[in-house]
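S.K.: Here's a structure for you.
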Amino acid sequence: MITTIGRSGSKWLAWLLSCHQAVSAFQPLVFEPRLATYWTTVFRELSAPRSYLRQIHAERWDEPRWWLGDGAGPMPAPVDLGMAEWLGAEGVGQLAGLCQERIEAFYLEASERMGKTAGVRYFAEKFLLDPVLLDLTTEIFPGAREVILVRDFRDRLSSVFAWNEKRGEAGFGHDAQMSQADYLTERVRVDAEELLQRWRRRADAAHLVRYEDLILEPERTLARLFAYLDVESDPETVETLLEVANRPSDLLDGHRTVSDPTQTIGRWRRDLPTELAAECNEILAPVLEAFGYSVALSPAGSGV
């Protein structure tokens, strides 16, 4: 489970994970696979009493989404024989098994078609910051491992602006009607605080990866990540994986806003207006410092 927010390097991390023989991921440079999110959302909706009780009583079954219980009133009478309780226990448990089975079936089939069957232990996907979705996923997959990916939120802000300009369209919650300052306070701050909350809640079970470490110290960072996953993490494995992952790729280049990934580190000092940069440091200081980022406006030792 790669838990993160957009423009934090998640596509690169998913690609790196997919290059390990013990991890299956479906074309992470092309698609945004959400098998787990899809089926967990199905489970989340169908396991609610307002939904599964429609099997027993549905007055408006001719309306769209009637099976989800949208707009349904209360049951007209108690349900005999304990069948409502049975649906809420046995039925929900079987539904969870079905959802798990469909997710695993996809990745087993994909792995086989890729010729990657021996030793595959995990599938890797990105997840949004939805606590209920994340917790349900770990219930459906008790052996799940969560990787929390964080990037300096000021660099991420710069990347969002550059990406939107490159694409000529609004994205990541920033539209043309929203000022950069409003985007910072209304979206970036909220996302950063929610990611920190997730990390603090899961610190004993999840593994934190900083984008900057992944770019500047890939061997050490990946070795630690693979050790956490309990898969091969020796120097030879990591070196071979990086050779494969770093082969020239138009797909990777198309997702970047600068050609050299190292130049994305600290880019906010070049890209952001001075006033906005100062506001970032003021508003995001607690979160930045919690993740180990400096709030100095100038790099250490720059004399600026």
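In the structure tokens, chains take the letters A, B, ... in the order shown, each chain's residues start at 1, and ligands count up from 1 in the order shown.
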Sorted by chain and rising residue number, which residues of stretch 92-202 of chain A lie within 12 Å of stretch 282-300 of chain A, and what are their closest atom pairs and distances in Å to one decimal, counting only C-alpha atoms, as a Markdown table?

M.R.:
| residue | atom | partner | partner_atom | distance |
| --- | --- | --- | --- | --- |
| A:Ile148 | CA | A:Phe291 | CA | 11.3 |
| A:Leu149 | CA | A:Phe291 | CA | 10.7 |
| A:Val150 | CA | A:Phe291 | CA | 8.0 |
| A:Arg151 | CA | A:Phe291 | CA | 9.0 |
| A:Asp152 | CA | A:Tyr293 | CA | 6.9 |
| A:Phe153 | CA | A:Leu288 | CA | 7.4 |
| A:Arg154 | CA | A:Leu284 | CA | 8.6 |
| A:Asp155 | CA | A:Tyr293 | CA | 11.2 |
| A:Leu157 | CA | A:Leu284 | CA | 11.6 |
| A:Ala181 | CA | A:Ile283 | CA | 10.7 |
| A:Asp182 | CA | A:Ile283 | CA | 11.8 |
| A:Leu184 | CA | A:Ile283 | CA | 8.5 |
| A:Thr185 | CA | A:Ile283 | CA | 7.6 |
| A:Glu186 | CA | A:Ile283 | CA | 11.0 |
| A:Arg187 | CA | A:Leu284 | CA | 11.7 |
| A:Val188 | CA | A:Leu284 | CA | 8.7 |
| A:Arg189 | CA | A:Leu284 | CA | 6.4 |
| A:Val190 | CA | A:Leu284 | CA | 9.7 |
| A:Asp191 | CA | A:Val287 | CA | 10.3 |
| A:Ala192 | CA | A:Val287 | CA | 6.7 |
| A:Glu193 | CA | A:Val287 | CA | 6.4 |
| A:Glu194 | CA | A:Val287 | CA | 9.7 |
| A:Leu195 | CA | A:Val287 | CA | 9.0 |
| A:Leu196 | CA | A:Val287 | CA | 6.7 |
| A:Gln197 | CA | A:Val287 | CA | 9.6 |
| A:Trp199 | CA | A:Phe291 | CA | 9.5 |
| A:Arg200 | CA | A:Ala290 | CA | 9.7 |

S.K.: Give me, as JSON, numbers by chain, all polymer residues having an atom no more than 12 Å from A:Ala227, counting only C-alpha atoms and skipping those fewer than 5 positions away in the same chain.

M.R.: {"A": [145, 207, 220, 221, 222, 232, 233, 234, 235, 237, 238]}

S.K.: Write out as a list in words each polymer residue whose atoms come within 12 Å of A:Ala84, counting only C-alpha atoms; drop sequence neighbours fewer than 5 positions from it.

M.R.: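 Here the qualifying residues turn out to be Ala48, Pro49, Arg50, Ser51, Tyr52, Leu53, Arg54, Gln55, Ile56, His57, Met75, Ala77, Pro78, Val79, Ala89, Glu90, Gly91 and Val92 of chain A.
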
S.K.: How about saving the chosen residues, C-alpha atoms kept, as a compact mmCIF listing (two decimals), in the first residue's frame?

M.R.:
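Okay, this is what ended up in selection_25.txt:
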# COMPACT_ATOMS: atom_id res chain seq x y z
CA ALA A 48 -23.54 -1.42 4.97
CA PRO A 49 -26.89 -2.50 6.49
CA ARG A 50 -28.78 -0.01 4.32
CA SER A 51 -27.48 -1.98 1.32
CA TYR A 52 -27.55 -5.66 2.30
CA LEU A 53 -31.01 -5.33 3.86
CA ARG A 54 -32.35 -4.42 0.40
CA GLN A 55 -32.10 -8.16 -0.33
CA ILE A 56 -34.93 -8.66 2.14
CA HIS A 57 -37.01 -5.58 1.50
CA MET A 75 -37.50 -1.82 7.52
CA ALA A 77 -40.97 -4.79 10.67
CA PRO A 78 -38.39 -6.89 12.54
CA VAL A 79 -36.80 -9.61 10.42
CA ALA A 89 -22.09 -11.51 9.68
CA GLU A 90 -21.88 -14.49 7.34
CA GLY A 91 -22.88 -12.47 4.30
CA VAL A 92 -20.44 -9.64 4.94

S.K.: Return as a ChimeraX atom specification the full set of residues in stretch 42-281 of chain A whose backbone-based DSSP assignment is alpha helix (DSSP H).

M.R.: /A:42-46,49-52,83-86,92-113,131-140,153-167,180-183,189-202,211-216,218-229,235-245,250-255,268-271,274-281

S.K.: Taking 5 positions as the minimum chain separation for residues in the same chain, which residues sit within 8 Å of stretch 128-133 of chain A when counting only C-alpha atoms? Answer as a VMD selection string.

M.R.: chain A and resid 3 to 5 37 40 to 41 44 194 to 195 198

S.K.: Assign secondary structure with DSSP using the backbone only, and return the residues of stretch 169-227 of chain A in strand (DSSP E) as a ChimeraX atom specification.

M.R.: /A:207-210

S.K.: Those residues you just picked out, can you put them in a file as a PDB file, in the first residue's frame with N, CA and C atoms?

M.R.:
ATOM      1  N   HIS A 207       5.996   1.948   6.951  1.00  0.00           N
ATOM      2  CA  HIS A 207       7.381   2.329   6.656  1.00  0.00           C
ATOM      3  C   HIS A 207       7.369   3.664   5.916  1.00  0.00           C
ATOM      4  N   LEU A 208       8.128   4.622   6.410  1.00  0.00           N
ATOM      5  CA  LEU A 208       8.178   5.956   5.813  1.00  0.00           C
ATOM      6  C   LEU A 208       9.298   6.038   4.772  1.00  0.00           C
ATOM      7  N   VAL A 209       8.946   6.534   3.595  1.00  0.00           N
ATOM      8  CA  VAL A 209       9.933   6.802   2.547  1.00  0.00           C
ATOM      9  C   VAL A 209       9.843   8.274   2.185  1.00  0.00           C
ATOM     10  N   ARG A 210      10.960   8.964   2.247  1.00  0.00           N
ATOM     11  CA  ARG A 210      11.004  10.350   1.799  1.00  0.00           C
ATOM     12  C   ARG A 210      11.492  10.389   0.352  1.00  0.00           C
TER      13      ARG A 210
END

S.K.: Pick the closest to A:His174 from A:Leu251, A:Arg60, A:Ile103, A:Gly6: which is it, counting only C-alpha atoms?

M.R.: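 Using only C-alpha atoms, the shortest distance to A:His174 belongs to A:Gly6.
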
S.K.: Compile the contact shell of A:Ala14 as a PDB file with C-alpha atoms, in the first residue's frame: residues with an atom at most 9 Å away, counting only C-alpha atoms, same-chain residues fewer than 6 positions apart removed.

M.R.:
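Writing done, so here's around_0.pdb:
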ATOM      1  CA  ILE A   2       1.644   3.225  -1.179  1.00  0.00           C
ATOM      2  CA  ALA A  25       2.269  -4.098 -10.197  1.00  0.00           C
ATOM      3  CA  PRO A  28       2.426   1.578 -13.188  1.00  0.00           C
ATOM      4  CA  LEU A  29       3.981   3.973 -15.719  1.00  0.00           C
ATOM      5  CA  ALA A 124       1.660  -2.763  -5.120  1.00  0.00           C
ATOM      6  CA  GLU A 125      -0.864   0.021  -5.576  1.00  0.00           C
ATOM      7  CA  LYS A 126      -1.237   3.663  -4.661  1.00  0.00           C
TER       8      LYS A 126
END

S.K.: Near A:Ser24, within 12 Å and counting only C-alpha atoms, which residues show up once chain neighbours fewer than 3 positions away are dropped, as a PDB file with N, CA and C atoms, in the first residue's frame?

M.R.:
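Ended up saving to selection26.pdb:
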ATOM      1  N   ALA A  14       6.244   3.255  -7.338  1.00  0.00           N
ATOM      2  CA  ALA A  14       5.495   2.086  -7.809  1.00  0.00           C
ATOM      3  C   ALA A  14       6.280   1.342  -8.879  1.00  0.00           C
ATOM      4  N   TRP A  15       6.942   2.083  -9.754  1.00  0.00           N
ATOM      5  CA  TRP A  15       7.757   1.465 -10.800  1.00  0.00           C
ATOM      6  C   TRP A  15       8.930   0.713 -10.201  1.00  0.00           C
ATOM      7  N   LEU A  16       9.601   1.320  -9.224  1.00  0.00           N
ATOM      8  CA  LEU A  16      10.722   0.645  -8.572  1.00  0.00           C
ATOM      9  C   LEU A  16      10.267  -0.647  -7.903  1.00  0.00           C
ATOM     10  N   LEU A  17       9.150  -0.587  -7.199  1.00  0.00           N
ATOM     11  CA  LEU A  17       8.637  -1.792  -6.551  1.00  0.00           C
ATOM     12  C   LEU A  17       8.301  -2.868  -7.575  1.00  0.00           C
ATOM     13  N   SER A  18       7.736  -2.457  -8.702  1.00  0.00           N
ATOM     14  CA  SER A  18       7.345  -3.429  -9.730  1.00  0.00           C
ATOM     15  C   SER A  18       8.537  -4.135 -10.344  1.00  0.00           C
ATOM     16  N   CYS A  19       9.716  -3.542 -10.221  1.00  0.00           N
ATOM     17  CA  CYS A  19      10.924  -4.151 -10.781  1.00  0.00           C
ATOM     18  C   CYS A  19      11.514  -5.227  -9.871  1.00  0.00           C
ATOM     19  N   HIS A  20      10.974  -5.377  -8.679  1.00  0.00           N
ATOM     20  CA  HIS A  20      11.422  -6.438  -7.770  1.00  0.00           C
ATOM     21  C   HIS A  20      10.652  -7.712  -8.083  1.00  0.00           C
ATOM     22  N   GLN A  21      11.339  -8.830  -8.065  1.00  0.00           N
ATOM     23  CA  GLN A  21      10.717 -10.102  -8.419  1.00  0.00           C
ATOM     24  C   GLN A  21       9.645 -10.536  -7.442  1.00  0.00           C
ATOM     25  N   GLN A  27       1.608  -2.296 -14.944  1.00  0.00           N
ATOM     26  CA  GLN A  27       1.974  -1.172 -15.802  1.00  0.00           C
ATOM     27  C   GLN A  27       1.840   0.176 -15.082  1.00  0.00           C
ATOM     28  N   PRO A  28       2.591   0.364 -14.001  1.00  0.00           N
ATOM     29  CA  PRO A  28       2.426   1.578 -13.188  1.00  0.00           C
ATOM     30  C   PRO A  28       2.837   2.866 -13.895  1.00  0.00           C
ATOM     31  N   PRO A  33      -3.518   1.771 -11.490  1.00  0.00           N
ATOM     32  CA  PRO A  33      -4.310   0.615 -11.044  1.00  0.00           C
ATOM     33  C   PRO A  33      -4.881   0.847  -9.647  1.00  0.00           C
ATOM     34  N   ILE A 103      -9.272  -9.339  -6.337  1.00  0.00           N
ATOM     35  CA  ILE A 103      -8.027  -8.566  -6.396  1.00  0.00           C
ATOM     36  C   ILE A 103      -6.848  -9.495  -6.640  1.00  0.00           C
ATOM     37  N   GLU A 104      -6.784 -10.564  -5.854  1.00  0.00           N
ATOM     38  CA  GLU A 104      -5.658 -11.495  -5.991  1.00  0.00           C
ATOM     39  C   GLU A 104      -5.677 -12.182  -7.351  1.00  0.00           C
ATOM     40  N   PHE A 106      -6.656 -11.045 -10.199  1.00  0.00           N
ATOM     41  CA  PHE A 106      -6.128 -10.139 -11.224  1.00  0.00           C
ATOM     42  C   PHE A 106      -4.600 -10.142 -11.209  1.00  0.00           C
ATOM     43  N   TYR A 107      -4.018  -9.985 -10.032  1.00  0.00           N
ATOM     44  CA  TYR A 107      -2.559  -9.877  -9.967  1.00  0.00           C
ATOM     45  C   TYR A 107      -1.869 -11.218 -10.207  1.00  0.00           C
ATOM     46  N   LEU A 108      -2.498 -12.293  -9.825  1.00  0.00           N
ATOM     47  CA  LEU A 108      -1.927 -13.602 -10.149  1.00  0.00           C
ATOM     48  C   LEU A 108      -1.932 -13.819 -11.660  1.00  0.00           C
ATOM     49  N   GLU A 109      -3.033 -13.460 -12.310  1.00  0.00           N
ATOM     50  CA  GLU A 109      -3.123 -13.598 -13.764  1.00  0.00           C
ATOM     51  C   GLU A 109      -2.129 -12.677 -14.458  1.00  0.00           C
ATOM     52  N   ALA A 110      -2.047 -11.426 -14.008  1.00  0.00           N
ATOM     53  CA  ALA A 110      -1.113 -10.476 -14.609  1.00  0.00           C
ATOM     54  C   ALA A 110       0.324 -10.928 -14.416  1.00  0.00           C
ATOM     55  N   SER A 111       0.636 -11.426 -13.226  1.00  0.00           N
ATOM     56  CA  SER A 111       2.003 -11.889 -12.956  1.00  0.00           C
ATOM     57  C   SER A 111       2.375 -13.054 -13.856  1.00  0.00           C
ATOM     58  N   GLU A 112       1.423 -13.976 -14.042  1.00  0.00           N
ATOM     59  CA  GLU A 112       1.686 -15.127 -14.905  1.00  0.00           C
ATOM     60  C   GLU A 112       1.926 -14.683 -16.342  1.00  0.00           C
ATOM     61  N   ARG A 113       1.143 -13.742 -16.824  1.00  0.00           N
ATOM     62  CA  ARG A 113       1.317 -13.273 -18.195  1.00  0.00           C
ATOM     63  C   ARG A 113       2.612 -12.486 -18.373  1.00  0.00           C
ATOM     64  N   MET A 114       3.111 -11.915 -17.288  1.00  0.00           N
ATOM     65  CA  MET A 114       4.392 -11.211 -17.338  1.00  0.00           C
ATOM     66  C   MET A 114       5.565 -12.167 -17.132  1.00  0.00           C
ATOM     67  N   GLY A 115       5.258 -13.433 -16.875  1.00  0.00           N
ATOM     68  CA  GLY A 115       6.318 -14.390 -16.604  1.00  0.00           C
ATOM     69  C   GLY A 115       6.949 -14.185 -15.243  1.00  0.00           C
ATOM     70  N   LYS A 116       6.179 -13.655 -14.328  1.00  0.00           N
ATOM     71  CA  LYS A 116       6.692 -13.300 -13.007  1.00  0.00           C
ATOM     72  C   LYS A 116       5.852 -14.017 -11.964  1.00  0.00           C
ATOM     73  N   THR A 117       6.076 -15.293 -11.813  1.00  0.00           N
ATOM     74  CA  THR A 117       5.229 -16.093 -10.923  1.00  0.00           C
ATOM     75  C   THR A 117       5.978 -16.589  -9.691  1.00  0.00           C
ATOM     76  N   ALA A 118       7.226 -16.954  -9.852  1.00  0.00           N
ATOM     77  CA  ALA A 118       7.971 -17.530  -8.732  1.00  0.00           C
ATOM     78  C   ALA A 118       8.338 -16.447  -7.716  1.00  0.00           C
ATOM     79  N   GLY A 119       7.908 -16.634  -6.490  1.00  0.00           N
ATOM     80  CA  GLY A 119       8.340 -15.755  -5.411  1.00  0.00           C
ATOM     81  C   GLY A 119       7.578 -14.455  -5.267  1.00  0.00           C
ATOM     82  N   VAL A 120       6.495 -14.248  -6.032  1.00  0.00           N
ATOM     83  CA  VAL A 120       5.723 -13.012  -5.896  1.00  0.00           C
ATOM     84  C   VAL A 120       4.945 -13.051  -4.579  1.00  0.00           C
ATOM     85  N   ARG A 121       5.173 -12.060  -3.730  1.00  0.00           N
ATOM     86  CA  ARG A 121       4.529 -12.030  -2.410  1.00  0.00           C
ATOM     87  C   ARG A 121       3.544 -10.887  -2.268  1.00  0.00           C
ATOM     88  N   TYR A 122       3.736  -9.823  -3.027  1.00  0.00           N
ATOM     89  CA  TYR A 122       2.908  -8.635  -2.870  1.00  0.00           C
ATOM     90  C   TYR A 122       2.411  -8.138  -4.217  1.00  0.00           C
ATOM     91  N   PHE A 123       1.299  -7.407  -4.173  1.00  0.00           N
ATOM     92  CA  PHE A 123       0.976  -6.505  -5.268  1.00  0.00           C
ATOM     93  C   PHE A 123       1.103  -5.095  -4.708  1.00  0.00           C
ATOM     94  N   ALA A 124       1.436  -4.139  -5.559  1.00  0.00           N
ATOM     95  CA  ALA A 124       1.660  -2.763  -5.120  1.00  0.00           C
ATOM     96  C   ALA A 124       0.690  -1.831  -5.822  1.00  0.00           C
ATOM     97  N   GLU A 125       0.036  -0.996  -5.037  1.00  0.00           N
ATOM     98  CA  GLU A 125      -0.864   0.021  -5.576  1.00  0.00           C
ATOM     99  C   GLU A 125      -0.763   1.288  -4.741  1.00  0.00           C
TER     100      GLU A 125
END

S.K.: Report, in Å with one decimal, the straight-line distance from atom CA of A:Trp163 to atom CA of A:Arg7.

M.R.: 8.7 Å

S.K.: For a test of reading the model, state the distance in Å between atom CA of A:Arg156 and atom CA of A:Ser8, rounded to one decimal.

M.R.: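 Atom-to-atom, atom CA of A:Arg156 and atom CA of A:Ser8 are spaced 6.2 Å apart.
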
S.K.: In terms of the shortest atom-to-atom distance over only C-alpha atoms, which of A:Phe127, A:Tyr211, A:Tyr183, A:Trp268 is closest to A:Ala162?

M.R.: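 Distance minimum relative to A:Ala162 lands on A:Trp268.
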